[in-house]
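Listing of target01.cif; format and content: mmCIF, C-alpha atoms.
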```cif
data_protein
loop_
_atom_site.label_atom_id
_atom_site.label_comp_id
_atom_site.auth_asym_id
_atom_site.auth_seq_id
_atom_site.Cartn_x
_atom_site.Cartn_y
_atom_site.Cartn_z
CA MET A 258 -6.51 -35.65 -34.73
CA LYS A 259 -5.55 -39.31 -34.83
CA GLY A 260 -2.66 -40.06 -37.16
CA LEU A 261 -1.90 -36.46 -38.12
CA SER A 262 1.05 -34.38 -36.91
CA ALA A 263 2.03 -30.79 -37.62
CA ALA A 264 4.84 -28.30 -37.23
CA GLY A 265 5.56 -24.64 -37.82
CA VAL A 266 9.05 -23.12 -37.62
CA ARG A 267 11.07 -19.98 -38.33
CA ALA A 268 13.35 -20.41 -41.34
CA GLY A 269 14.19 -16.76 -42.02
CA ILE A 270 12.20 -16.43 -45.24
CA LYS A 271 10.19 -13.56 -43.77
CA ALA A 272 12.07 -10.39 -42.91
CA SER A 273 9.91 -10.13 -39.80
CA GLY A 274 11.36 -13.34 -38.39
CA ASN A 275 7.89 -14.83 -37.97
CA PRO A 276 7.29 -18.56 -38.59
CA ASP A 277 7.39 -19.36 -42.29
CA VAL A 278 7.69 -23.12 -42.88
CA GLY A 279 4.87 -25.50 -41.98
CA LEU A 280 4.36 -29.24 -42.29
CA LEU A 281 1.44 -31.68 -42.04
CA VAL A 282 2.29 -35.38 -41.89
CA SER A 283 0.07 -38.46 -41.75
CA GLU A 284 1.37 -41.73 -40.31
CA THR A 285 -0.21 -43.58 -43.22
CA PRO A 286 -1.43 -42.30 -46.60
CA MET A 287 -4.48 -40.10 -46.12
CA SER A 288 -7.17 -39.33 -48.67
CA VAL A 289 -6.90 -35.82 -50.10
CA ALA A 290 -8.82 -33.73 -52.63
CA GLY A 291 -8.04 -30.17 -53.63
CA LEU A 292 -9.38 -27.05 -55.28
CA PHE A 293 -6.92 -24.56 -56.71
CA THR A 294 -6.68 -21.11 -58.22
CA GLN A 295 -8.13 -20.50 -61.68
CA ASN A 296 -5.55 -17.79 -62.36
CA HIS A 297 -3.64 -18.48 -65.60
CA PHE A 298 -0.41 -17.61 -63.78
CA ALA A 299 -0.84 -20.41 -61.23
CA ALA A 300 2.27 -20.75 -59.08
CA ALA A 301 4.70 -23.66 -59.38
CA PRO A 302 3.50 -25.32 -56.14
CA VAL A 303 -0.10 -25.26 -57.37
CA THR A 304 0.81 -26.93 -60.67
CA LEU A 305 2.96 -29.54 -58.95
CA SER A 306 0.40 -30.36 -56.24
CA LYS A 307 -2.28 -30.89 -58.90
CA GLN A 308 0.04 -33.29 -60.71
CA HIS A 309 0.88 -35.16 -57.50
CA LEU A 310 -2.79 -35.60 -56.60
CA VAL A 311 -3.39 -37.23 -59.97
CA ARG A 312 -0.30 -39.44 -59.81
CA SER A 313 -0.95 -40.54 -56.22
CA GLN A 314 -4.70 -40.98 -56.82
CA GLY A 315 -5.31 -38.73 -53.84
CA GLN A 316 -3.19 -40.75 -51.41
CA VAL A 317 -0.93 -38.30 -49.57
CA ARG A 318 1.54 -38.57 -46.70
CA ALA A 319 2.45 -34.90 -46.23
CA VAL A 320 1.88 -31.28 -47.15
CA VAL A 321 4.81 -28.85 -46.91
CA ILE A 322 4.22 -25.09 -46.91
CA ASN A 323 6.28 -21.94 -46.92
CA SER A 324 5.03 -18.39 -46.42
CA GLY A 325 6.64 -15.06 -47.20
CA ASN A 326 7.33 -16.08 -50.81
CA ALA A 327 4.72 -17.28 -53.32
CA ASN A 328 7.14 -19.03 -55.70
CA ALA A 329 4.91 -17.65 -58.46
CA CYS A 330 6.09 -16.26 -61.81
CA THR A 331 9.53 -17.72 -61.05
CA GLY A 332 10.00 -19.77 -64.23
CA ALA A 333 11.76 -23.12 -64.47
CA GLN A 334 13.70 -22.48 -61.26
CA GLY A 335 10.46 -22.11 -59.34
CA GLU A 336 9.29 -25.48 -60.63
CA LYS A 337 12.57 -27.10 -59.55
CA ASP A 338 12.32 -25.51 -56.11
CA ALA A 339 8.75 -26.72 -55.55
CA LEU A 340 9.80 -30.24 -56.50
CA ALA A 341 12.88 -30.05 -54.26
CA MET A 342 10.65 -29.23 -51.28
CA CYS A 343 8.55 -32.33 -51.97
CA GLU A 344 11.60 -34.51 -52.52
CA GLN A 345 13.15 -33.48 -49.22
CA VAL A 346 10.02 -34.42 -47.28
CA ALA A 347 9.50 -37.64 -49.26
CA SER A 348 13.07 -38.72 -48.56
CA ALA A 349 12.63 -38.17 -44.82
CA LEU A 350 9.31 -40.04 -44.73
CA LYS A 351 10.48 -42.75 -47.16
CA CYS A 352 7.44 -42.31 -49.37
CA PRO A 353 6.96 -41.63 -53.10
CA VAL A 354 7.47 -37.98 -53.99
CA GLU A 355 3.95 -37.78 -55.45
CA GLN A 356 2.60 -38.42 -51.95
CA VAL A 357 3.86 -34.99 -50.88
CA LEU A 358 1.99 -31.79 -51.77
CA VAL A 359 3.48 -28.30 -51.60
CA CYS A 360 1.99 -24.83 -51.03
CA SER A 361 3.57 -21.39 -51.00
CA THR A 362 2.19 -17.95 -50.21
CA GLY A 363 3.65 -14.47 -50.10
CA VAL A 364 5.26 -12.02 -52.51
CA ILE A 365 4.99 -12.92 -56.20
CA GLY A 366 7.96 -12.95 -58.58
CA VAL A 367 10.77 -13.61 -56.10
CA LYS A 368 12.72 -16.87 -56.16
CA LEU A 369 12.74 -18.97 -53.01
CA PRO A 370 15.80 -18.79 -50.74
CA MET A 371 16.20 -22.56 -50.88
CA ASP A 372 18.99 -22.77 -48.32
CA LYS A 373 16.61 -21.31 -45.73
CA VAL A 374 13.67 -23.36 -46.97
CA LYS A 375 15.61 -26.63 -46.70
CA LYS A 376 16.78 -25.86 -43.17
CA GLY A 377 13.22 -24.96 -42.26
CA ILE A 378 11.90 -28.26 -43.60
CA ASP A 379 14.50 -30.19 -41.60
CA ALA A 380 13.49 -28.30 -38.46
CA ALA A 381 9.78 -28.89 -39.12
CA LEU A 382 10.36 -32.62 -39.64
CA ALA A 383 12.18 -32.79 -36.31
CA GLU A 384 9.64 -30.73 -34.36
CA ARG A 385 6.33 -32.12 -35.61
CA ALA A 386 3.83 -33.21 -32.99
CA SER A 387 0.18 -34.23 -32.83
CA ASP A 388 -1.16 -31.90 -30.13
CA VAL A 389 -3.34 -28.82 -30.64
CA GLU A 390 -0.46 -26.40 -30.11
CA ALA A 391 1.51 -28.04 -32.91
CA GLY A 392 -1.43 -27.36 -35.18
CA ARG A 393 -1.42 -23.73 -34.10
CA ARG A 394 2.31 -23.46 -34.80
CA PHE A 395 1.55 -24.76 -38.28
CA LEU A 396 -1.17 -22.12 -38.65
CA SER A 397 1.24 -19.40 -37.57
CA ALA A 398 3.71 -20.52 -40.22
CA ILE A 399 1.26 -20.13 -43.12
CA MET A 400 0.11 -16.59 -42.27
CA THR A 401 1.17 -13.48 -44.22
CA THR A 402 -0.84 -10.25 -43.89
CA ASP A 403 -3.40 -11.93 -41.63
CA ALA A 404 -4.38 -9.83 -38.63
CA TYR A 405 -5.18 -12.92 -36.58
CA PRO A 406 -5.04 -16.73 -36.82
CA LYS A 407 -8.03 -18.49 -38.38
CA GLU A 408 -9.12 -21.87 -37.05
CA ALA A 409 -12.35 -23.83 -36.63
CA CYS A 410 -13.28 -27.20 -35.17
CA ALA A 411 -16.34 -29.41 -34.75
CA ARG A 412 -17.04 -32.87 -33.42
CA HIS A 413 -19.58 -35.39 -34.57
CA ASP A 414 -19.87 -38.52 -32.49
CA ALA A 415 -16.34 -40.03 -32.45
CA ALA A 416 -15.04 -37.90 -35.31
CA THR A 417 -13.24 -34.57 -35.36
CA ILE A 418 -13.34 -31.96 -38.11
CA ALA A 419 -10.61 -29.33 -37.81
CA GLY A 420 -9.50 -26.60 -40.16
CA VAL A 421 -7.09 -23.71 -40.48
CA CYS A 422 -6.56 -21.14 -43.21
CA LYS A 423 -4.80 -17.92 -44.10
CA GLY A 424 -6.05 -15.05 -46.21
CA ALA A 425 -6.86 -11.36 -45.96
CA GLY A 426 -6.35 -9.72 -49.36
CA MET A 427 -6.58 -10.63 -53.06
CA ILE A 428 -9.85 -12.39 -52.31
CA GLU A 429 -12.42 -13.20 -55.01
CA PRO A 430 -14.97 -15.99 -55.37
CA ASN A 431 -13.57 -19.05 -57.19
CA MET A 432 -10.73 -19.27 -54.71
CA ALA A 433 -8.62 -16.48 -53.35
CA THR A 434 -5.25 -15.67 -51.81
CA MET A 435 -5.82 -18.36 -49.31
CA LEU A 436 -4.32 -21.57 -48.12
CA ALA A 437 -7.02 -23.63 -46.44
CA PHE A 438 -6.74 -27.07 -44.88
CA VAL A 439 -9.71 -28.96 -43.45
CA ALA A 440 -9.11 -32.44 -42.02
CA THR A 441 -11.33 -35.14 -40.60
CA ASP A 442 -10.62 -38.58 -39.20
CA TRP A 443 -13.69 -40.05 -40.92
CA ASP A 444 -12.86 -42.93 -43.25
CA LEU A 445 -13.38 -41.35 -46.66
CA ARG A 446 -11.92 -42.21 -50.04
CA ALA A 447 -10.26 -39.56 -52.18
CA GLU A 448 -13.01 -39.92 -54.76
CA GLN A 449 -15.66 -39.19 -52.13
CA LEU A 450 -13.81 -36.05 -51.07
CA LYS A 451 -13.38 -34.96 -54.67
CA ARG A 452 -17.09 -35.29 -55.42
CA ALA A 453 -18.13 -33.35 -52.31
CA LEU A 454 -15.50 -30.62 -52.53
CA PRO A 455 -17.26 -28.28 -55.02
CA THR A 456 -20.46 -28.33 -52.95
CA ILE A 457 -18.59 -27.60 -49.71
CA ALA A 458 -16.63 -24.81 -51.37
CA ALA A 459 -19.72 -23.24 -52.96
CA THR A 460 -20.87 -21.83 -49.62
CA SER A 461 -17.41 -21.30 -48.14
CA PHE A 462 -14.08 -20.75 -49.89
CA ASN A 463 -15.69 -20.05 -53.26
CA ALA A 464 -18.18 -17.64 -51.66
CA VAL A 465 -15.84 -15.13 -50.04
CA HIS A 466 -14.99 -11.74 -51.53
CA VAL A 467 -12.73 -8.86 -50.55
CA ASP A 468 -11.31 -7.21 -53.66
CA THR A 469 -12.27 -9.06 -56.86
CA HIS A 470 -8.71 -10.27 -57.40
CA THR A 471 -8.03 -13.99 -57.58
CA SER A 472 -4.36 -14.70 -56.93
CA THR A 473 -1.82 -17.28 -58.09
CA ASN A 474 -1.45 -19.69 -55.16
CA ASP A 475 -4.98 -20.35 -53.92
CA THR A 476 -5.38 -23.84 -52.48
CA PHE A 477 -8.07 -25.63 -50.49
CA LEU A 478 -7.24 -29.17 -49.39
CA LEU A 479 -9.73 -31.54 -47.77
CA LEU A 480 -8.02 -34.39 -45.91
CA SER A 481 -9.20 -37.65 -44.34
CA THR A 482 -7.03 -39.77 -42.05
CA ARG A 483 -9.55 -42.65 -42.41
CA ALA A 484 -9.66 -43.62 -38.72
CA VAL A 485 -13.41 -43.50 -37.93
CA PRO A 486 -16.41 -44.86 -39.90
CA ALA A 487 -18.16 -42.02 -41.74
CA PRO A 488 -21.92 -41.32 -41.79
CA THR A 489 -23.68 -40.93 -45.13
CA ASP A 490 -24.21 -37.21 -44.54
CA TRP A 491 -20.59 -36.48 -43.60
CA ALA A 492 -20.23 -33.54 -46.01
CA ARG A 493 -23.04 -31.67 -44.25
CA HIS A 494 -20.94 -31.58 -41.08
CA ILE A 495 -17.77 -30.39 -42.82
CA GLU A 496 -19.41 -27.42 -44.57
CA PRO A 497 -19.95 -25.32 -41.38
CA VAL A 498 -16.26 -25.60 -40.50
CA ALA A 499 -15.24 -24.48 -43.99
CA ARG A 500 -17.80 -21.68 -43.91
CA ARG A 501 -16.56 -20.39 -40.56
CA LEU A 502 -13.01 -20.25 -41.88
CA SER A 503 -14.22 -18.38 -44.97
CA TRP A 504 -16.11 -15.88 -42.84
CA LEU A 505 -12.91 -15.22 -40.89
CA ILE A 506 -11.08 -14.49 -44.15
CA ALA A 507 -13.70 -11.94 -45.17
CA ARG A 508 -13.66 -10.43 -41.68
CA ASP A 509 -9.89 -10.03 -41.97
CA GLY A 510 -10.18 -8.39 -45.39
CA GLU A 511 -7.47 -5.78 -45.21
CA GLY A 512 -8.97 -2.86 -43.31
CA ALA A 513 -12.37 -4.54 -42.90
CA THR A 514 -14.67 -3.83 -39.98
CA LYS A 515 -17.45 -6.29 -40.81
CA VAL A 516 -18.67 -9.07 -43.11
CA THR A 517 -21.86 -8.90 -45.13
CA THR A 518 -23.44 -12.18 -46.19
CA ILE A 519 -25.34 -11.52 -49.42
CA GLU A 520 -28.03 -14.14 -49.91
CA VAL A 521 -29.81 -14.32 -53.27
CA THR A 522 -32.92 -16.48 -53.59
CA GLY A 523 -35.46 -16.95 -56.34
CA ALA A 524 -32.98 -16.51 -59.20
CA ALA A 525 -33.41 -18.38 -62.48
CA ASN A 526 -30.84 -21.00 -61.38
CA GLU A 527 -27.86 -21.35 -59.07
CA GLU A 528 -25.44 -19.90 -61.61
CA ALA A 529 -27.60 -16.80 -61.97
CA ALA A 530 -27.92 -16.46 -58.20
CA LYS A 531 -24.15 -16.64 -57.76
CA ALA A 532 -23.54 -14.10 -60.52
CA ILE A 533 -26.01 -11.64 -58.98
CA ALA A 534 -24.54 -12.08 -55.49
CA LYS A 535 -21.01 -11.56 -56.81
CA ARG A 536 -22.05 -8.41 -58.67
CA VAL A 537 -23.50 -6.89 -55.51
CA ALA A 538 -20.50 -8.00 -53.42
CA ALA A 539 -18.07 -6.41 -55.88
CA SER A 540 -19.78 -3.01 -55.83
CA ALA A 541 -17.61 -0.39 -54.15
CA LEU A 542 -20.74 1.68 -53.55
CA VAL A 543 -22.47 -1.18 -51.76
CA ARG A 544 -19.41 -1.96 -49.64
CA THR A 545 -18.80 1.65 -48.62
CA ALA A 546 -22.46 1.96 -47.61
CA ILE A 547 -22.01 -1.13 -45.44
CA PHE A 548 -18.88 0.41 -43.91
CA GLY A 549 -20.79 3.60 -43.08
CA ASN A 550 -23.84 1.76 -41.66
CA ASP A 551 -25.89 3.45 -44.38
CA PRO A 552 -29.08 1.54 -45.34
CA ASN A 553 -28.81 2.90 -48.87
CA TRP A 554 -31.21 0.53 -50.63
CA GLY A 555 -30.66 2.34 -53.93
CA ARG A 556 -27.12 0.97 -54.14
CA PHE A 557 -28.23 -2.58 -53.41
CA THR A 558 -31.13 -2.61 -55.86
CA SER A 559 -29.29 -0.83 -58.67
CA ALA A 560 -26.47 -3.37 -58.41
CA VAL A 561 -29.05 -6.13 -58.88
CA GLY A 562 -30.59 -4.16 -61.74
CA ASN A 563 -27.27 -4.21 -63.58
CA ALA A 564 -27.16 -8.02 -63.55
CA PRO A 565 -28.17 -9.50 -66.93
CA GLU A 566 -29.26 -12.68 -65.13
CA VAL A 567 -32.32 -10.93 -63.62
CA ARG A 568 -35.59 -11.66 -65.43
CA HIS A 569 -38.24 -9.88 -63.35
CA PRO A 570 -36.54 -6.94 -61.61
CA ARG A 571 -39.82 -5.38 -60.45
CA GLU A 572 -40.39 -8.34 -58.14
CA LEU A 573 -37.19 -7.81 -56.18
CA THR A 574 -37.43 -7.64 -52.40
CA CYS A 575 -34.46 -6.37 -50.40
CA VAL A 576 -34.11 -7.21 -46.70
CA LEU A 577 -31.26 -5.70 -44.68
CA GLN A 578 -30.57 -7.13 -41.23
CA GLY A 579 -34.11 -8.48 -41.13
CA ILE A 580 -35.60 -5.11 -42.13
CA GLU A 581 -37.49 -4.96 -45.43
CA VAL A 582 -36.21 -1.84 -47.20
CA PHE A 583 -37.40 -2.37 -50.78
CA LYS A 584 -40.27 -4.27 -52.43
CA ALA A 585 -42.08 -4.33 -55.79
CA GLY A 586 -40.09 -1.53 -57.36
CA GLU A 587 -40.09 0.99 -54.52
CA PRO A 588 -38.75 1.53 -50.99
CA THR A 589 -40.77 0.49 -47.97
CA ALA A 590 -41.54 2.69 -44.98
CA PHE A 591 -38.72 1.67 -42.66
CA ASP A 592 -36.90 3.43 -39.82
CA ARG A 593 -33.55 4.46 -41.31
CA SER A 594 -32.03 5.19 -37.91
CA ALA A 595 -32.98 1.75 -36.61
CA ALA A 596 -31.64 0.11 -39.77
CA SER A 597 -28.35 1.97 -39.42
CA LYS A 598 -28.00 0.79 -35.83
CA ALA A 599 -28.75 -2.78 -36.93
CA MET A 600 -25.90 -2.53 -39.42
CA ALA A 601 -23.36 -1.50 -36.79
CA LEU A 602 -22.28 -5.10 -36.18
CA GLU A 603 -19.45 -7.21 -37.56
CA ASP A 604 -21.91 -9.69 -39.09
CA VAL A 605 -24.47 -8.17 -41.50
CA LYS A 606 -26.97 -9.97 -43.73
CA LEU A 607 -28.40 -8.64 -46.99
CA GLU A 608 -31.22 -10.73 -48.52
CA LEU A 609 -32.13 -10.23 -52.17
CA LYS A 610 -35.30 -12.09 -53.08
CA LEU A 611 -36.29 -12.55 -56.72
CA ASN A 612 -39.12 -14.42 -58.42
CA ASP A 613 -37.28 -15.85 -61.44
CA GLY A 614 -36.89 -19.47 -60.32
CA ARG A 615 -35.37 -21.59 -57.56
CA GLY A 616 -31.74 -20.55 -57.79
CA LYS A 617 -29.98 -19.50 -54.59
CA ALA A 618 -26.46 -18.56 -53.57
CA ILE A 619 -24.50 -16.67 -50.95
CA VAL A 620 -21.37 -14.55 -51.08
CA MET A 621 -19.55 -13.18 -48.03
CA THR A 622 -17.89 -9.81 -48.59
CA SER A 623 -15.97 -7.42 -46.39
CA ASP A 624 -16.83 -3.75 -46.18
CA LEU A 625 -14.65 -1.11 -47.83
CA GLY A 626 -13.14 1.61 -45.66
CA TYR A 627 -10.18 3.94 -45.33
CA ARG A 628 -7.76 1.34 -44.00
CA TYR A 629 -8.03 -0.89 -47.09
CA VAL A 630 -6.46 1.75 -49.34
CA GLN A 631 -3.59 2.33 -46.92
CA VAL A 632 -2.75 -1.35 -46.52
CA ASN A 633 -2.70 -2.08 -50.25
CA ALA A 634 -1.01 1.14 -51.32
CA GLU A 635 1.95 0.31 -49.10
CA TYR A 636 2.07 -3.50 -49.61
CA THR A 637 5.54 -3.78 -51.22
CA THR A 638 7.06 -0.41 -50.33
#
```
File written out as structure tokens:
Amino acid sequence: MKGLSAAGVRAGIKASGNPDVGLLVSETPMSVAGLFTQNHFAAAPVTLSKQHLVRSQGQVRAVVINSGNANACTGAQGEKDALAMCEQVASALKCPVEQVLVCSTGVIGVKLPMDKVKKGIDAALAERASDVEAGRRFLSAIMTTDAYPKEACARHDAATIAGVCKGAGMIEPNMATMLAFVATDWDLRAEQLKRALPTIAATSFNAVHVDTHTSTNDTFLLLSTRAVPAPTDWARHIEPVARRLSWLIARDGEGATKVTTIEVTGAANEEAAKAIAKRVAASALVRTAIFGNDPNWGRFTSAVGNAPEVRHPRELTCVLQGIEVFKAGEPTAFDRSAASKAMALEDVKLELKLNDGRGKAIVMTSDLGYRYVQVNAEYTT
């Protein structure tokens, strides 16, 4: 992408020796807007980046990232370390410190090994480049428990929209254990990005679920290098890139074998639709049925029935992989074997149609199988 360079290096933060320091740099200040975790124990880099976005009015030269250590719940020292990372990059680029954002991801409650971090930043500054492989090295440096790299790209006329993210566990709507970066070379002001960000996130990074556990470092940054005139409907072209990245996070949900997109329509309003979709997505019984390719409509409908937002439950229609399995208070005559076969894919759709209003929402959730318990039971030991 024009005007944007990247790097990803090995600094020794991770015991595995995998890349763990990444850097994004713009030749001139780029417009940036961000969404962050709502966890009350937000990590030092989250707090500092929010402050820097306000002070810089969304004009940013660089984003520096480390993985393998979240720099969360690390007290005053963690705040100093996050600032030191920004100061080091700002000094090298000769820009105000508030024009540098910082992200961290990894184990919570462990102080950063700053000698390694500083050497890693120096190496990233020296190695940054603007080709596709540099972007992939950056992506490699932000990953933690990810089973695979997550990237997406689209082009619209002369413009490029490119995004990368990391995330596999501690995933709950309203952000998650993710670092997500979506950039475009359209000429957009920070205020434009800020206004559009909630809408883009509503069907992407705020609509992905794995384990109902929002973490401390969640960050989604939308960046514009301002090189190409933007169309009036620019946000509509960015949303599919963000949604693809979100789907990849759900697909990589620790131990997951598939993603189910739960689509609620006809709810009283959008808030009600989102609440109903989240309730169904969070149900362990629903997610284990999805894992087992079991078209158990009773689990889906009873989860909806537990939602206080539902006004006319008897008018619920449930459609699984295009097969109507429940309508008007009772199951339909469907072929269970055929429905089970239709579920044996990595992309499943569950439609829940109400007659309460015009509210609609989607949530993407991973299934729940044996591997999930193993991965999370052994995470720190």
Practice problem: Kindly indicate which residue among A:Leu261, A:Ala458, A:Leu358, A:Ala268 lies nearest to Val311 of chain A, using all atoms listed in the file for the distances. | Solution: A:Leu358
Quiz item: For the file shown, what are the residues hit by the PyMOL selection byres ((chain A and resi 614-622) around 6), laid out as a ChimeraX atom specification?
Solution: /A:464-467,507,516-527,530-531,534,538,612-613,623
With C-alpha atoms kept, could you save the residues just selected as a PDB file, in the frame of the given file?
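Everything below was put into out-v8.pdb:
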```
ATOM      1  CA  ALA A 464     -18.180 -17.640 -51.660  1.00  0.00           C
ATOM      2  CA  VAL A 465     -15.840 -15.130 -50.040  1.00  0.00           C
ATOM      3  CA  HIS A 466     -14.990 -11.740 -51.530  1.00  0.00           C
ATOM      4  CA  VAL A 467     -12.730  -8.860 -50.550  1.00  0.00           C
ATOM      5  CA  ALA A 507     -13.700 -11.940 -45.170  1.00  0.00           C
ATOM      6  CA  VAL A 516     -18.670  -9.070 -43.110  1.00  0.00           C
ATOM      7  CA  THR A 517     -21.860  -8.900 -45.130  1.00  0.00           C
ATOM      8  CA  THR A 518     -23.440 -12.180 -46.190  1.00  0.00           C
ATOM      9  CA  ILE A 519     -25.340 -11.520 -49.420  1.00  0.00           C
ATOM     10  CA  GLU A 520     -28.030 -14.140 -49.910  1.00  0.00           C
ATOM     11  CA  VAL A 521     -29.810 -14.320 -53.270  1.00  0.00           C
ATOM     12  CA  THR A 522     -32.920 -16.480 -53.590  1.00  0.00           C
ATOM     13  CA  GLY A 523     -35.460 -16.950 -56.340  1.00  0.00           C
ATOM     14  CA  ALA A 524     -32.980 -16.510 -59.200  1.00  0.00           C
ATOM     15  CA  ALA A 525     -33.410 -18.380 -62.480  1.00  0.00           C
ATOM     16  CA  ASN A 526     -30.840 -21.000 -61.380  1.00  0.00           C
ATOM     17  CA  GLU A 527     -27.860 -21.350 -59.070  1.00  0.00           C
ATOM     18  CA  ALA A 530     -27.920 -16.460 -58.200  1.00  0.00           C
ATOM     19  CA  LYS A 531     -24.150 -16.640 -57.760  1.00  0.00           C
ATOM     20  CA  ALA A 534     -24.540 -12.080 -55.490  1.00  0.00           C
ATOM     21  CA  ALA A 538     -20.500  -8.000 -53.420  1.00  0.00           C
ATOM     22  CA  ASN A 612     -39.120 -14.420 -58.420  1.00  0.00           C
ATOM     23  CA  ASP A 613     -37.280 -15.850 -61.440  1.00  0.00           C
ATOM     24  CA  SER A 623     -15.970  -7.420 -46.390  1.00  0.00           C
TER      25      SER A 623
END
```
Quiz prompt | Straight-line distance linking atom CA of Pro552 of chain A with atom CA of Lys584 of chain A, stated in Å to one decimal | solution = 14.5 Å
Quiz item: Applied to the shown file, which residues does the PyMOL selection byres ((chain A and resi 506) around 8) return, written as a PyMOL selection string?
Solution: chain A and resi 407+423-425+465+502-505+507-510
Practice problem: Run the PyMOL selection byres ((chain A and resi 588-600) around 12) on the file and write out the hits as a PyMOL selection string. | Solution: chain A and resi 514-517+546-555+557-558+571+573-587+601-607+624
Keeping C-alpha atoms, export the residues of the selection given above as a PDB file, in the frame of the given file.
```pdb
ATOM      1  CA  THR A 514     -14.670  -3.830 -39.980  1.00  0.00           C
ATOM      2  CA  LYS A 515     -17.450  -6.290 -40.810  1.00  0.00           C
ATOM      3  CA  VAL A 516     -18.670  -9.070 -43.110  1.00  0.00           C
ATOM      4  CA  THR A 517     -21.860  -8.900 -45.130  1.00  0.00           C
ATOM      5  CA  ALA A 546     -22.460   1.960 -47.610  1.00  0.00           C
ATOM      6  CA  ILE A 547     -22.010  -1.130 -45.440  1.00  0.00           C
ATOM      7  CA  PHE A 548     -18.880   0.410 -43.910  1.00  0.00           C
ATOM      8  CA  GLY A 549     -20.790   3.600 -43.080  1.00  0.00           C
ATOM      9  CA  ASN A 550     -23.840   1.760 -41.660  1.00  0.00           C
ATOM     10  CA  ASP A 551     -25.890   3.450 -44.380  1.00  0.00           C
ATOM     11  CA  PRO A 552     -29.080   1.540 -45.340  1.00  0.00           C
ATOM     12  CA  ASN A 553     -28.810   2.900 -48.870  1.00  0.00           C
ATOM     13  CA  TRP A 554     -31.210   0.530 -50.630  1.00  0.00           C
ATOM     14  CA  GLY A 555     -30.660   2.340 -53.930  1.00  0.00           C
ATOM     15  CA  PHE A 557     -28.230  -2.580 -53.410  1.00  0.00           C
ATOM     16  CA  THR A 558     -31.130  -2.610 -55.860  1.00  0.00           C
ATOM     17  CA  ARG A 571     -39.820  -5.380 -60.450  1.00  0.00           C
ATOM     18  CA  LEU A 573     -37.190  -7.810 -56.180  1.00  0.00           C
ATOM     19  CA  THR A 574     -37.430  -7.640 -52.400  1.00  0.00           C
ATOM     20  CA  CYS A 575     -34.460  -6.370 -50.400  1.00  0.00           C
ATOM     21  CA  VAL A 576     -34.110  -7.210 -46.700  1.00  0.00           C
ATOM     22  CA  LEU A 577     -31.260  -5.700 -44.680  1.00  0.00           C
ATOM     23  CA  GLN A 578     -30.570  -7.130 -41.230  1.00  0.00           C
ATOM     24  CA  GLY A 579     -34.110  -8.480 -41.130  1.00  0.00           C
ATOM     25  CA  ILE A 580     -35.600  -5.110 -42.130  1.00  0.00           C
ATOM     26  CA  GLU A 581     -37.490  -4.960 -45.430  1.00  0.00           C
ATOM     27  CA  VAL A 582     -36.210  -1.840 -47.200  1.00  0.00           C
ATOM     28  CA  PHE A 583     -37.400  -2.370 -50.780  1.00  0.00           C
ATOM     29  CA  LYS A 584     -40.270  -4.270 -52.430  1.00  0.00           C
ATOM     30  CA  ALA A 585     -42.080  -4.330 -55.790  1.00  0.00           C
ATOM     31  CA  GLY A 586     -40.090  -1.530 -57.360  1.00  0.00           C
ATOM     32  CA  GLU A 587     -40.090   0.990 -54.520  1.00  0.00           C
ATOM     33  CA  ALA A 601     -23.360  -1.500 -36.790  1.00  0.00           C
ATOM     34  CA  LEU A 602     -22.280  -5.100 -36.180  1.00  0.00           C
ATOM     35  CA  GLU A 603     -19.450  -7.210 -37.560  1.00  0.00           C
ATOM     36  CA  ASP A 604     -21.910  -9.690 -39.090  1.00  0.00           C
ATOM     37  CA  VAL A 605     -24.470  -8.170 -41.500  1.00  0.00           C
ATOM     38  CA  LYS A 606     -26.970  -9.970 -43.730  1.00  0.00           C
ATOM     39  CA  LEU A 607     -28.400  -8.640 -46.990  1.00  0.00           C
ATOM     40  CA  ASP A 624     -16.830  -3.750 -46.180  1.00  0.00           C
TER      41      ASP A 624
END
```
Practice problem: Tell me which of A:Ala386, A:Cys330, A:Glu566, A:Glu635 sits closest to His297 of chain A, counting all atoms listed in the file. | Solution: A:Cys330
Quiz item: So which residues touch Val289 of chain A within 10 Å, counting only C-alpha atoms, skipping near sequence neighbours fewer than 6 positions away, as a list of chain:residue names?
Solution: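 Neighbouring residues, sequence-local ones excluded: A:Leu310, A:Ser313, A:Gln314, A:Gly315, A:Gln316, A:Val317, A:Arg318, A:Leu358, A:Val439, A:Ala440, A:Leu445, A:Arg446, A:Ala447, A:Glu448, A:Gln449, A:Leu450, A:Lys451, A:Leu478, A:Leu479, A:Leu480, A:Ser481, A:Thr482.
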Quiz item: From the list A:Ala299, A:Val364, A:Val389, A:Ile418, which residue is nearest Thr402 of chain A when using only C-alpha atoms?
Solution: A:Val364
Quiz item: Using all atoms listed in the file, which of the listed residues (A:Ile378, A:Gly260, A:Asp403, A:Pro286) sits closest to Pro353 of chain A?
Solution: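 Selected residue with least distance to Pro353 of chain A: A:Pro286.
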Quiz item: atom CA of Asn563 of chain A to atom CA of Leu625 of chain A: how many Å, to one decimal?
Solution: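 Between atom CA of Asn563 of chain A and atom CA of Leu625 of chain A the gap is 20.4 Å.
Closest approach to Asp379 of chain A from the set A:Cys410, A:Val321, A:Val357, A:Leu436 is made by A:Val321, with distances taken over all atoms listed in the file.
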Quiz item: Which residue out of A:Ala333, A:Cys352, A:Gly626, A:Asn296 has the minimum interatomic distance to Thr476 of chain A when all atoms listed in the file are used?
Solution: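 Closest candidate: A:Asn296.
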Quiz item: What is the distance between atom CA of Val561 of chain A and atom CA of Thr460 of chain A, in Å to one decimal?
Solution: 20.0 Å
